[in-house]
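Structure file structure_4.pdb (PDB, C-alpha atoms) is printed below.
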MODEL        1
ATOM      1  CA  MET G   2      29.627 -15.649 -50.869
ATOM      2  CA  ARG G   3      29.599 -13.760 -47.571
ATOM      3  CA  THR G   4      28.474 -15.647 -44.510
ATOM      4  CA  GLU G   5      26.544 -13.676 -41.881
ATOM      5  CA  PHE G   6      27.427 -14.413 -38.226
ATOM      6  CA  VAL G   7      24.416 -15.317 -36.075
ATOM      7  CA  ALA G   8      24.977 -14.899 -32.333
ATOM      8  CA  PRO G   9      23.625 -17.473 -29.896
ATOM      9  CA  ALA G  10      20.427 -16.568 -28.025
ATOM     10  CA  ALA G  11      22.303 -15.627 -24.846
ATOM     11  CA  SER G  12      24.623 -13.334 -26.805
ATOM     12  CA  ARG G  13      21.700 -11.704 -28.596
ATOM     13  CA  ALA G  14      20.112 -10.987 -25.207
ATOM     14  CA  ALA G  15      23.311  -9.326 -24.049
ATOM     15  CA  PHE G  16      23.132  -6.824 -26.917
ATOM     16  CA  ARG G  17      19.529  -5.916 -26.206
ATOM     17  CA  LEU G  18      20.262  -3.421 -23.462
ATOM     18  CA  PRO G  19      17.271  -2.754 -21.221
ATOM     19  CA  THR G  20      15.211   0.390 -21.468
ATOM     20  CA  LEU G  21      12.083   1.428 -19.595
ATOM     21  CA  SER G  22      10.039  -0.196 -22.320
ATOM     22  CA  ARG G  23      12.070  -3.415 -22.180
ATOM     23  CA  LEU G  24      12.508  -3.975 -18.429
ATOM     24  CA  PRO G  25      11.748  -7.423 -17.038
ATOM     25  CA  PRO G  26       8.425  -7.618 -15.161
ATOM     26  CA  LEU G  27       8.560  -5.814 -11.815
ATOM     27  CA  THR G  28       7.065  -8.840 -10.034
ATOM     28  CA  ALA G  29       9.902 -11.006 -11.355
ATOM     29  CA  LEU G  30      12.553  -8.516 -10.229
ATOM     30  CA  ARG G  31      10.952  -8.262  -6.795
ATOM     31  CA  ALA G  32      10.723 -12.039  -6.407
ATOM     32  CA  PHE G  33      14.411 -12.378  -7.279
ATOM     33  CA  VAL G  34      15.534  -9.676  -4.812
ATOM     34  CA  VAL G  35      13.543 -11.111  -1.904
ATOM     35  CA  ALA G  36      14.568 -14.702  -2.686
ATOM     36  CA  ALA G  37      18.216 -13.660  -2.918
ATOM     37  CA  ARG G  38      18.013 -11.809   0.393
ATOM     38  CA  HIS G  39      16.531 -14.816   2.177
ATOM     39  CA  ALA G  40      18.429 -17.433   0.139
ATOM     40  CA  SER G  41      15.094 -19.234   0.132
ATOM     41  CA  PHE G  42      12.061 -19.361  -2.153
ATOM     42  CA  SER G  43       9.773 -20.374   0.714
ATOM     43  CA  ARG G  44      10.757 -17.471   2.991
ATOM     44  CA  ALA G  45      10.436 -15.080   0.051
ATOM     45  CA  ALA G  46       6.958 -16.454  -0.534
ATOM     46  CA  GLU G  47       6.045 -15.766   3.122
ATOM     47  CA  GLU G  48       7.236 -12.168   2.924
ATOM     48  CA  LEU G  49       5.396 -11.472  -0.333
ATOM     49  CA  HIS G  50       2.292 -13.460   0.666
ATOM     50  CA  VAL G  51       2.373 -15.735  -2.372
ATOM     51  CA  SER G  52       3.105 -19.412  -2.895
ATOM     52  CA  THR G  53       6.596 -20.868  -3.200
ATOM     53  CA  ALA G  54       5.695 -22.028  -6.707
ATOM     54  CA  ALA G  55       4.832 -18.444  -7.650
ATOM     55  CA  ILE G  56       8.286 -17.253  -6.542
ATOM     56  CA  GLY G  57       9.933 -19.995  -8.580
ATOM     57  CA  GLN G  58       7.864 -19.091 -11.626
ATOM     58  CA  GLN G  59       8.764 -15.393 -11.388
ATOM     59  CA  VAL G  60      12.470 -16.195 -11.028
ATOM     60  CA  ARG G  61      12.300 -18.422 -14.114
ATOM     61  CA  ILE G  62      10.633 -15.580 -16.052
ATOM     62  CA  LEU G  63      13.533 -13.300 -15.140
ATOM     63  CA  GLU G  64      16.145 -15.957 -16.013
ATOM     64  CA  THR G  65      14.483 -16.441 -19.384
ATOM     65  CA  HIS G  66      14.462 -12.713 -19.983
ATOM     66  CA  LEU G  67      18.170 -12.443 -19.129
ATOM     67  CA  GLY G  68      19.168 -15.670 -20.816
ATOM     68  CA  GLN G  69      21.121 -17.069 -17.851
ATOM     69  CA  PRO G  70      20.480 -18.754 -14.505
ATOM     70  CA  LEU G  71      20.460 -16.654 -11.350
ATOM     71  CA  PHE G  72      20.280 -19.416  -8.704
ATOM     72  CA  SER G  73      21.786 -22.833  -8.247
ATOM     73  CA  ARG G  74      21.210 -25.496  -5.635
ATOM     74  CA  GLN G  75      24.089 -27.234  -3.902
ATOM     75  CA  ARG G  76      23.283 -29.862  -1.282
ATOM     76  CA  GLY G  77      19.815 -28.397  -0.848
ATOM     77  CA  GLU G  78      21.100 -24.848  -0.327
ATOM     78  CA  LEU G  79      19.929 -22.047  -2.620
ATOM     79  CA  LEU G  80      22.907 -20.064  -3.915
ATOM     80  CA  LEU G  81      23.306 -17.147  -6.280
ATOM     81  CA  THR G  82      25.171 -17.792  -9.489
ATOM     82  CA  ASP G  83      27.813 -15.329 -10.646
ATOM     83  CA  ALA G  84      25.121 -13.575 -12.692
ATOM     84  CA  GLY G  85      22.784 -13.477  -9.696
ATOM     85  CA  SER G  86      25.521 -12.096  -7.437
ATOM     86  CA  ALA G  87      26.269  -9.362  -9.972
ATOM     87  CA  LEU G  88      22.605  -8.460 -10.360
ATOM     88  CA  TYR G  89      21.427  -8.502  -6.746
ATOM     89  CA  PRO G  90      23.147  -5.429  -5.160
ATOM     90  CA  GLY G  91      21.964  -2.966  -7.774
ATOM     91  CA  LEU G  92      18.409  -4.266  -7.817
ATOM     92  CA  ALA G  93      18.238  -4.305  -4.014
ATOM     93  CA  ASP G  94      19.393  -0.684  -3.886
ATOM     94  CA  ALA G  95      16.863   0.260  -6.573
ATOM     95  CA  PHE G  96      13.985  -1.217  -4.573
ATOM     96  CA  GLU G  97      15.151   0.532  -1.392
ATOM     97  CA  THR G  98      15.296   3.823  -3.309
ATOM     98  CA  MET G  99      11.798   3.204  -4.640
ATOM     99  CA  ILE G 100      10.450   2.438  -1.164
ATOM    100  CA  GLY G 101      12.176   5.523   0.257
ATOM    101  CA  SER G 102      10.731   7.816  -2.393
ATOM    102  CA  LEU G 103       7.220   6.487  -1.896
ATOM    103  CA  SER G 104       7.532   6.767   1.898
ATOM    104  CA  ASP G 105       8.815  10.343   1.682
ATOM    105  CA  LEU G 106       5.884  11.318  -0.507
ATOM    106  CA  ILE G 107       3.314   9.714   1.789
ATOM    107  CA  VAL G 108       4.840  11.299   4.893
ATOM    108  CA  SER G 109       5.057  14.729   3.270
ATOM    109  CA  ASN G 110       1.381  14.604   2.298
ATOM    110  CA  ALA G 111       0.127  13.094   5.550
ATOM    111  CA  ARG G 112      -1.621  15.306   8.084
ATOM    112  CA  PRO G 113      -0.278  15.174  11.632
ATOM    113  CA  GLN G 114      -2.438  12.870  13.724
ATOM    114  CA  LEU G 115      -3.438  13.062  17.375
ATOM    115  CA  LYS G 116      -5.177  10.100  18.982
ATOM    116  CA  VAL G 117      -6.846  10.788  22.326
ATOM    117  CA  LEU G 118      -8.429   8.326  24.721
ATOM    118  CA  ALA G 119     -11.115   9.732  26.992
ATOM    119  CA  GLU G 120     -13.606   8.351  29.459
ATOM    120  CA  GLY G 121     -16.855   7.805  27.596
ATOM    121  CA  CYS G 122     -19.011  10.178  29.637
ATOM    122  CA  PHE G 123     -16.311  12.865  29.677
ATOM    123  CA  ALA G 124     -15.825  12.540  25.903
ATOM    124  CA  ALA G 125     -19.549  12.871  25.236
ATOM    125  CA  ARG G 126     -20.544  15.504  27.786
ATOM    126  CA  TRP G 127     -17.435  17.676  28.246
ATOM    127  CA  LEU G 128     -15.014  17.177  25.367
ATOM    128  CA  ALA G 129     -17.377  16.843  22.396
ATOM    129  CA  PRO G 130     -19.183  20.165  23.005
ATOM    130  CA  ARG G 131     -15.815  21.955  22.966
ATOM    131  CA  LEU G 132     -14.536  20.471  19.701
ATOM    132  CA  GLY G 133     -15.879  23.476  17.813
ATOM    133  CA  SER G 134     -13.108  25.583  19.323
ATOM    134  CA  ILE G 135     -10.460  22.910  19.871
ATOM    135  CA  VAL G 136     -10.342  21.441  16.355
ATOM    136  CA  PRO G 137      -9.803  24.742  14.475
ATOM    137  CA  ALA G 138      -7.193  25.813  17.036
ATOM    138  CA  LEU G 139      -5.224  22.583  16.491
ATOM    139  CA  GLY G 140      -4.801  23.540  12.840
ATOM    140  CA  ASP G 141      -3.942  20.866  10.288
ATOM    141  CA  VAL G 142      -4.131  17.994  12.780
ATOM    142  CA  GLU G 143      -6.326  14.943  12.314
ATOM    143  CA  LEU G 144      -7.915  14.423  15.729
ATOM    144  CA  SER G 145      -9.166  10.986  16.721
ATOM    145  CA  ILE G 146     -11.045  10.413  19.995
ATOM    146  CA  GLU G 147     -11.615   6.915  21.323
ATOM    147  CA  SER G 148     -13.858   6.359  24.318
ATOM    148  CA  ILE G 149     -12.813   4.165  27.213
ATOM    149  CA  GLU G 150     -14.756   3.268  30.303
ATOM    150  CA  GLY G 151     -13.857   3.233  33.978
ATOM    151  CA  GLU G 152     -11.064   4.595  36.140
ATOM    152  CA  THR G 153      -9.163   1.303  36.315
ATOM    153  CA  VAL G 154      -8.460   0.923  32.581
ATOM    154  CA  ASP G 155      -4.978  -0.392  31.802
ATOM    155  CA  LEU G 156      -3.832   2.394  29.500
ATOM    156  CA  THR G 157      -0.662   0.526  28.510
ATOM    157  CA  HIS G 158      -2.822  -1.668  26.280
ATOM    158  CA  PHE G 159      -3.968   1.265  24.160
ATOM    159  CA  ASP G 160      -2.079   2.837  21.290
ATOM    160  CA  ALA G 161      -2.729   6.545  21.682
ATOM    161  CA  ASP G 162      -0.854   9.791  22.091
ATOM    162  CA  CYS G 163      -2.605  10.755  25.315
ATOM    163  CA  ALA G 164      -5.588   9.966  27.512
ATOM    164  CA  ILE G 165      -7.959  12.064  29.606
ATOM    165  CA  VAL G 166      -9.163  10.271  32.727
ATOM    166  CA  ALA G 167     -10.307  11.063  36.246
ATOM    167  CA  THR G 168      -7.858   9.475  38.636
ATOM    168  CA  HIS G 169      -6.409   9.993  42.090
ATOM    169  CA  ALA G 170      -3.569   7.502  41.681
ATOM    170  CA  GLN G 171      -0.344   7.642  39.716
ATOM    171  CA  ILE G 172      -0.293   5.235  36.767
ATOM    172  CA  PRO G 173       3.265   3.929  36.223
ATOM    173  CA  GLY G 174       4.918   4.940  32.968
ATOM    174  CA  PHE G 175       2.718   8.011  32.392
ATOM    175  CA  LEU G 176       3.137  11.717  32.978
ATOM    176  CA  HIS G 177       0.101  13.194  34.765
ATOM    177  CA  GLU G 178      -0.847  16.690  33.608
ATOM    178  CA  PRO G 179      -3.609  18.019  35.924
ATOM    179  CA  LEU G 180      -6.548  19.632  34.143
ATOM    180  CA  PHE G 181      -9.140  20.511  36.773
ATOM    181  CA  ALA G 182     -10.598  19.403  40.072
ATOM    182  CA  ASP G 183     -14.240  18.432  40.192
ATOM    183  CA  THR G 184     -17.182  18.417  42.576
ATOM    184  CA  VAL G 185     -20.166  16.162  43.083
ATOM    185  CA  SER G 186     -23.721  17.313  43.786
ATOM    186  CA  ALA G 187     -27.054  15.668  44.426
ATOM    187  CA  VAL G 188     -29.129  16.545  41.358
ATOM    188  CA  CYS G 189     -32.512  15.781  39.863
ATOM    189  CA  THR G 190     -35.020  17.338  37.503
ATOM    190  CA  PRO G 191     -37.115  20.261  38.828
ATOM    191  CA  GLN G 192     -40.229  18.131  38.313
ATOM    192  CA  PHE G 193     -38.827  15.300  40.415
ATOM    193  CA  ALA G 194     -37.848  17.719  43.198
ATOM    194  CA  THR G 195     -41.317  19.256  43.229
ATOM    195  CA  ARG G 196     -43.091  15.903  43.186
ATOM    196  CA  HIS G 197     -41.138  14.666  46.225
ATOM    197  CA  GLY G 198     -40.824  17.966  48.093
ATOM    198  CA  LEU G 199     -37.010  17.933  48.028
ATOM    199  CA  ALA G 200     -36.308  21.680  47.872
ATOM    200  CA  GLY G 201     -34.289  22.319  51.019
ATOM    201  CA  GLU G 202     -35.680  19.152  52.577
ATOM    202  CA  PRO G 203     -33.080  16.338  52.480
ATOM    203  CA  ALA G 204     -35.118  14.409  55.079
ATOM    204  CA  GLN G 205     -37.525  13.593  52.243
ATOM    205  CA  LEU G 206     -34.861  11.211  50.945
ATOM    206  CA  ARG G 207     -36.046   8.629  53.438
ATOM    207  CA  GLY G 208     -39.150   7.965  51.426
ATOM    208  CA  LEU G 209     -37.497   7.748  48.004
ATOM    209  CA  GLY G 210     -36.030   4.241  48.195
ATOM    210  CA  PHE G 211     -35.054   3.057  44.708
ATOM    211  CA  ALA G 212     -35.144   6.598  43.303
ATOM    212  CA  MET G 213     -31.878   7.399  45.067
ATOM    213  CA  LEU G 214     -29.411   6.543  42.350
ATOM    214  CA  ARG G 215     -25.821   5.642  43.168
ATOM    215  CA  GLY G 216     -22.464   5.878  41.424
ATOM    216  CA  ASN G 217     -19.850   3.198  40.851
ATOM    217  CA  GLY G 218     -18.167   3.398  44.258
ATOM    218  CA  LEU G 219     -14.654   4.000  42.870
ATOM    219  CA  ASP G 220     -14.663   7.465  44.440
ATOM    220  CA  ALA G 221     -15.947   7.748  48.026
ATOM    221  CA  ALA G 222     -17.514  11.130  47.244
ATOM    222  CA  PHE G 223     -20.167   9.341  45.176
ATOM    223  CA  GLU G 224     -21.481   7.336  48.120
ATOM    224  CA  TRP G 225     -24.589   8.887  49.652
ATOM    225  CA  ALA G 226     -23.483   8.347  53.254
ATOM    226  CA  ASN G 227     -20.156  10.106  52.600
ATOM    227  CA  TRP G 228     -21.727  12.948  50.651
ATOM    228  CA  LEU G 229     -24.376  13.627  53.302
ATOM    229  CA  ARG G 230     -21.724  13.585  55.998
ATOM    230  CA  ALA G 231     -19.544  16.021  54.012
ATOM    231  CA  CYS G 232     -22.570  18.318  53.621
ATOM    232  CA  ARG G 233     -23.242  18.049  57.362
ATOM    233  CA  ILE G 234     -26.691  16.688  56.748
ATOM    234  CA  PRO G 235     -27.532  14.444  59.761
ATOM    235  CA  LEU G 236     -29.400  11.801  57.838
ATOM    236  CA  ARG G 237     -28.973   8.033  57.853
ATOM    237  CA  LEU G 238     -30.383   6.085  54.955
ATOM    238  CA  SER G 239     -31.109   2.371  54.833
ATOM    239  CA  ALA G 240     -32.094   2.018  51.168
ATOM    240  CA  THR G 241     -30.232   3.845  48.444
ATOM    241  CA  GLY G 242     -31.532   2.215  45.272
ATOM    242  CA  PRO G 243     -29.851   0.801  42.179
ATOM    243  CA  ARG G 244     -26.181   1.331  41.460
ATOM    244  CA  PHE G 245     -24.852   2.455  38.057
ATOM    245  CA  SER G 246     -21.363   1.467  36.988
ATOM    246  CA  ARG G 247     -21.069   4.419  34.581
ATOM    247  CA  GLN G 248     -21.839   8.112  35.080
ATOM    248  CA  THR G 249     -23.340   8.175  31.573
ATOM    249  CA  ALA G 250     -26.190   5.843  32.549
ATOM    250  CA  LEU G 251     -26.617   7.508  35.933
ATOM    251  CA  ILE G 252     -27.000  10.962  34.378
ATOM    252  CA  GLU G 253     -29.431   9.702  31.746
ATOM    253  CA  ALA G 254     -31.570   8.122  34.475
ATOM    254  CA  ILE G 255     -31.569  11.415  36.400
ATOM    255  CA  LEU G 256     -32.455  13.435  33.284
ATOM    256  CA  SER G 257     -35.298  11.023  32.573
ATOM    257  CA  GLY G 258     -36.792  11.904  35.953
ATOM    258  CA  HIS G 259     -36.240   8.486  37.499
ATOM    259  CA  GLY G 260     -34.529   9.726  40.642
ATOM    260  CA  ILE G 261     -31.926  11.866  42.340
ATOM    261  CA  GLY G 262     -28.252  10.996  42.123
ATOM    262  CA  LEU G 263     -24.738  12.175  42.828
ATOM    263  CA  ALA G 264     -23.086  13.403  39.644
ATOM    264  CA  ARG G 265     -19.911  15.200  38.626
ATOM    265  CA  HIS G 266     -20.442  18.917  38.113
ATOM    266  CA  SER G 267     -18.231  18.911  34.997
ATOM    267  CA  LEU G 268     -20.549  16.416  33.301
ATOM    268  CA  ILE G 269     -23.835  18.194  34.064
ATOM    269  CA  SER G 270     -22.786  21.852  33.993
ATOM    270  CA  GLU G 271     -24.888  22.660  30.912
ATOM    271  CA  GLU G 272     -27.993  21.040  32.408
ATOM    272  CA  LEU G 273     -27.515  23.011  35.628
ATOM    273  CA  LYS G 274     -27.193  26.234  33.616
ATOM    274  CA  ASN G 275     -30.291  25.670  31.504
ATOM    275  CA  GLY G 276     -32.362  24.385  34.400
ATOM    276  CA  ARG G 277     -32.907  20.830  33.209
ATOM    277  CA  LEU G 278     -31.278  19.746  36.480
ATOM    278  CA  ILE G 279     -31.200  21.357  39.910
ATOM    279  CA  ALA G 280     -29.423  20.679  43.199
ATOM    280  CA  PRO G 281     -32.342  20.846  45.678
ATOM    281  CA  PHE G 282     -30.201  20.670  48.813
ATOM    282  CA  GLY G 283     -26.636  20.300  50.027
ATOM    283  CA  SER G 284     -23.520  21.817  48.506
ATOM    284  CA  PRO G 285     -20.975  20.629  45.917
ATOM    285  CA  GLN G 286     -18.318  18.397  47.480
ATOM    286  CA  PRO G 287     -14.838  17.782  46.051
ATOM    287  CA  THR G 288     -14.147  14.446  44.409
ATOM    288  CA  ALA G 289     -11.067  12.429  45.289
ATOM    289  CA  SER G 290     -10.235  11.953  41.615
ATOM    290  CA  ARG G 291      -9.511  14.872  39.331
ATOM    291  CA  TYR G 292      -9.152  14.943  35.578
ATOM    292  CA  HIS G 293      -5.664  14.546  34.134
ATOM    293  CA  LEU G 294      -4.150  14.331  30.715
ATOM    294  CA  LEU G 295      -1.916  11.259  30.723
ATOM    295  CA  THR G 296       0.847  10.672  28.221
ATOM    296  CA  SER G 297       4.152   8.867  27.955
ATOM    297  CA  PRO G 298       7.368  10.910  28.296
ATOM    298  CA  ASP G 299       8.228  10.561  24.593
ATOM    299  CA  ARG G 300       4.756  11.493  23.330
ATOM    300  CA  ARG G 301       4.560  14.418  25.729
ATOM    301  CA  ARG G 302       7.100  16.102  23.472
ATOM    302  CA  LEU G 303       4.807  15.872  20.427
ATOM    303  CA  PRO G 304       3.705  19.376  19.371
ATOM    304  CA  GLU G 305       0.132  18.106  18.898
ATOM    305  CA  VAL G 306      -0.049  16.933  22.531
ATOM    306  CA  THR G 307       1.437  20.206  23.767
ATOM    307  CA  SER G 308      -1.113  22.181  21.744
ATOM    308  CA  LEU G 309      -4.051  20.107  22.992
ATOM    309  CA  LEU G 310      -2.988  20.491  26.625
ATOM    310  CA  ALA G 311      -2.629  24.258  26.217
ATOM    311  CA  LEU G 312      -6.066  24.517  24.574
ATOM    312  CA  LEU G 313      -7.752  22.463  27.288
ATOM    313  CA  ARG G 314      -6.193  24.536  30.044
ATOM    314  CA  GLU G 315      -7.126  27.773  28.296
ATOM    315  CA  ASP G 316     -10.731  26.611  28.014
ATOM    316  CA  ILE G 317     -10.766  25.586  31.676
ATOM    317  CA  ARG G 318      -9.381  28.976  32.774
ATOM    318  CA  SER G 319     -12.122  30.705  30.776
ATOM    319  CA  LEU G 320     -14.784  28.580  32.460
ATOM    320  CA  GLU G 321     -13.368  29.253  35.914
ATOM    321  CA  ALA G 322     -13.203  32.993  35.238
ATOM    322  CA  ALA G 323     -16.830  33.031  34.108
ATOM    323  CA  ALA G 324     -18.017  31.042  37.133
TER     324      ALA G 324
ENDMDL
END
Please go through the file and, once you have read it, give me the structure as structure tokens.
Amino acid sequence: MRTEFVAPAASRAAFRLPTLSRLPPLTALRAFVVAARHASFSRAAEELHVSTAAIGQQVRILETHLGQPLFSRQRGELLLTDAGSALYPGLADAFETMIGSLSDLIVSNARPQLKVLAEGCFAARWLAPRLGSIVPALGDVELSIESIEGETVDLTHFDADCAIVATHAQIPGFLHEPLFADTVSAVCTPQFATRHGLAGEPAQLRGLGFAMLRGNGLDAAFEWANWLRACRIPLRLSATGPRFSRQTALIEAILSGHGIGLARHSLISEELKNGRLIAPFGSPQPTASRYHLLTSPDRRRLPEVTSLLALLREDIRSLEAAA
């Protein structure tokens, strides 16, 4: 009578070579690789955002599948067994290859991105109206614009490719690419000028009081006394009304007919063209701060930043030629 040899369970497992349909669970393989790399179940659990017990369970699933232990503990230290040491390098390389392939695919399909910080009023009143020409010219670039406020913003705390701000000081760590100088004018609605008899009559300012709106004081050109002096208007004023910390609010107050204020020409150019605002007296005066594109030396080399700067300057040249 012939006796059939029956192999032990571990030996039977050895003859069942893995195929794609018979691989151990991916979560078990991943738990083993991370635990082996850290030589710790708890640190593996932290990296994979699961519990230590979950790592232990996944390792046991893999050990059961393979029919042999992969870890041993000696004096509280987690060590790989001979089987674990043989298994780890290949699996680790396989996961790195998987990660690399996925990363390559994502990068190849990702659109280039350009993140721009811009002063809120500039972004709304100067940059946004020009996006119709800028965005198509940038091509396959995903443009993101984030508004910031004020001229004293610490740009080092923002993660962006470049920023557009009005400044007269050098900000350490940034390259300053000049865009254009600016002027400031005293402007109001035609109705407001008519109501208060302001056309060519700056002396009428004396009776306006609160209706004389003021800027934020960061640029001396926005102070009424300085502007009047620069325009050679011999007028001293005792009351100059409420102060606005942002040009956005100041311009909205002027457009609403609440007063006359000193505003940047670049931010009200459309309203001056269409007649919603007028400059009843005086002449435009240069501001101390001019608009710059700021970027770090490494990001200045990005083709997206170079393209944006070229487009902005081209648009500015066209505006200056038409003026």
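A straight line drawn from CA of Arg265 in chain G to CA of Leu199 in chain G is 19.7 Å long.
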- Would you please work out which residue, of G:Arg61, G:Arg237, G:Arg44, G:Ile165, is nearest to Ala29 in chain G when using only C-alpha atoms?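 Checking each of G:Arg61, G:Arg237, G:Arg44, G:Ile165 against Ala29 in chain G, counting only C-alpha atoms, the winner is G:Arg61.
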- For the atom pair CA of Asp83 in chain G and CA of Leu71 in chain G, what is the interatomic distance in Å to one decimal place?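 Distance reported for this atom pair: 7.5 Å.
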- Task: Find the distance between CA of Leu118 in chain G and CA of Val185 in chain G and write it in Å to one decimal.
- Result: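 Interatomic distance here is 23.2 Å.
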- Item | Who sits within 10 Å of Ser297 in chain G, only C-alpha atoms, same chain under 5 positions skipped, as a list in words |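 What passes the distance filter is Thr157, Ala161, Asp162, Cys163, Ala164, Pro173, Gly174, Phe175, Leu176, His177 and Arg302 of chain G.
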- Task: Could you please give me, as a ChimeraX atom specification, the residues of protein, DNA or RNA lying at most 6 Å from (-10.7, 12.9, 40.8) in the coordinate frame of the file, considering only C-alpha atoms?
- Result: /G:167-169,288-292
Any chance you can output those residues with C-alpha atoms as a PDB file, in the frame of the given file?
ATOM      1  CA  ALA G 167     -10.307  11.063  36.246  1.00  0.00           C
ATOM      2  CA  THR G 168      -7.858   9.475  38.636  1.00  0.00           C
ATOM      3  CA  HIS G 169      -6.409   9.993  42.090  1.00  0.00           C
ATOM      4  CA  THR G 288     -14.147  14.446  44.409  1.00  0.00           C
ATOM      5  CA  ALA G 289     -11.067  12.429  45.289  1.00  0.00           C
ATOM      6  CA  SER G 290     -10.235  11.953  41.615  1.00  0.00           C
ATOM      7  CA  ARG G 291      -9.511  14.872  39.331  1.00  0.00           C
ATOM      8  CA  TYR G 292      -9.152  14.943  35.578  1.00  0.00           C
TER       9      TYR G 292
END
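Residues matching the PyMOL selection byres ((chain G and resi 91-105) around 10) in this structure come to Leu30, Arg31, Phe33, Val34, Val35, Ala37, Arg38, Ser86, Ala87, Leu88, Tyr89, Pro90, Leu106, Ile107, Val108, Ser109, Asn110 and Ala111 of chain G.
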- Item | Shortest interatomic distance to Leu309 in chain G - which of G:Ser267, G:Gln171, G:Gln114, G:Ser257, counting all atoms listed in the file | G:Gln114
- Message: I'd like to know which of G:Leu79, G:Leu115, G:Ala125, G:Leu18 is closest to Leu67 in chain G, using all atoms listed in the file.
- Response: G:Leu18
Got a sec to resolve the PyMOL selection byres ((chain G and resi 78) around 12) on this structure and send the residues as a PDB file with C-alpha atoms, in the frame of the given file?
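Result written to part34.pdb:
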ATOM      1  CA  ALA G  37      18.216 -13.660  -2.918  1.00  0.00           C
ATOM      2  CA  HIS G  39      16.531 -14.816   2.177  1.00  0.00           C
ATOM      3  CA  ALA G  40      18.429 -17.433   0.139  1.00  0.00           C
ATOM      4  CA  SER G  41      15.094 -19.234   0.132  1.00  0.00           C
ATOM      5  CA  PHE G  42      12.061 -19.361  -2.153  1.00  0.00           C
ATOM      6  CA  PHE G  72      20.280 -19.416  -8.704  1.00  0.00           C
ATOM      7  CA  SER G  73      21.786 -22.833  -8.247  1.00  0.00           C
ATOM      8  CA  ARG G  74      21.210 -25.496  -5.635  1.00  0.00           C
ATOM      9  CA  GLN G  75      24.089 -27.234  -3.902  1.00  0.00           C
ATOM     10  CA  ARG G  76      23.283 -29.862  -1.282  1.00  0.00           C
ATOM     11  CA  GLY G  77      19.815 -28.397  -0.848  1.00  0.00           C
ATOM     12  CA  LEU G  79      19.929 -22.047  -2.620  1.00  0.00           C
ATOM     13  CA  LEU G  80      22.907 -20.064  -3.915  1.00  0.00           C
ATOM     14  CA  LEU G  81      23.306 -17.147  -6.280  1.00  0.00           C
TER      15      LEU G  81
END
Which centre and edge lengths in Å to one decimal define the box along x, y and z that fits every listed atom of range 280-294 of chain G plus 5 Å per side, as JSON?
{"center_x": -18.2, "center_y": 16.9, "center_z": 40.4, "size_x": 38.2, "size_y": 19.9, "size_z": 29.3}
- Query: Taking into account all atoms listed in the file, which residue in the set G:Ser134, G:Arg244, G:Leu263, G:Gly208 is nearest to Pro285 in chain G?
  - Reply: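 That would be G:Leu263, the residue with the smallest distance to Pro285 in chain G.
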- Task: Kindly provide, as a PyMOL selection string, the polymer residues lying within 12 Å of (-21.0, 17.7, 34.4), counting all atoms listed in the file and using the coordinates exactly as they appear in the file.
- Result: chain G and resi 122-128+130+182-188+248-249+251-253+263-274+278+285
- List the neighbours of Phe193 in chain G out to 10 Å using all atoms listed in the file; skip same-chain residues closer than 4 positions along the sequence, and give me the result as a PyMOL selection string. chain G and resi 188-189+197-199+212+255-261+278-279
- Query: Could you spell out the hits of the PyMOL selection byres ((chain G and resi 202) around 12) on the shown file, as a PyMOL selection string?
  - Reply: chain G and resi 194-195+197-201+203-208+234-236+280-283
Selected residues written out, C-alpha atoms, as a CSV table (one decimal), keeping the file's coordinate frame:
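Printed below is again30.csv as written:
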chain,number,residue,atom,x,y,z
G,194,ALA,CA,-37.8,17.7,43.2
G,195,THR,CA,-41.3,19.3,43.2
G,197,HIS,CA,-41.1,14.7,46.2
G,198,GLY,CA,-40.8,18.0,48.1
G,199,LEU,CA,-37.0,17.9,48.0
G,200,ALA,CA,-36.3,21.7,47.9
G,201,GLY,CA,-34.3,22.3,51.0
G,203,PRO,CA,-33.1,16.3,52.5
G,204,ALA,CA,-35.1,14.4,55.1
G,205,GLN,CA,-37.5,13.6,52.2
G,206,LEU,CA,-34.9,11.2,50.9
G,207,ARG,CA,-36.0,8.6,53.4
G,208,GLY,CA,-39.2,8.0,51.4
G,234,ILE,CA,-26.7,16.7,56.7
G,235,PRO,CA,-27.5,14.4,59.8
G,236,LEU,CA,-29.4,11.8,57.8
G,280,ALA,CA,-29.4,20.7,43.2
G,281,PRO,CA,-32.3,20.8,45.7
G,282,PHE,CA,-30.2,20.7,48.8
G,283,GLY,CA,-26.6,20.3,50.0
- Just the residues within 7 Å of Cys232 in chain G, please, counting only C-alpha atoms, with nothing from its chain fewer than 3 positions along; format it as an NGL selection string. :G and (228-229 or 283-284)
- Using only C-alpha atoms, which of G:Val117, G:Ala221, G:Ala36, G:Leu180 sits nearest Gly57 in chain G?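 Closest residue, counting only C-alpha atoms: G:Ala36.
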- Message: Env of Thr307 in chain G: 12 Å cut, atoms = all atoms listed in the file, seq-sep filter 6 positions within chain, self excluded. Answer as a list of chain:residue names.
- Response: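 Residues near the query, excluding close chain neighbours: G:Leu115, G:Leu139, G:Asp162, G:Cys163, G:Glu178, G:Leu294, G:Leu295, G:Thr296, G:Pro298, G:Asp299, G:Arg300, G:Arg301, G:Leu313, G:Arg314.
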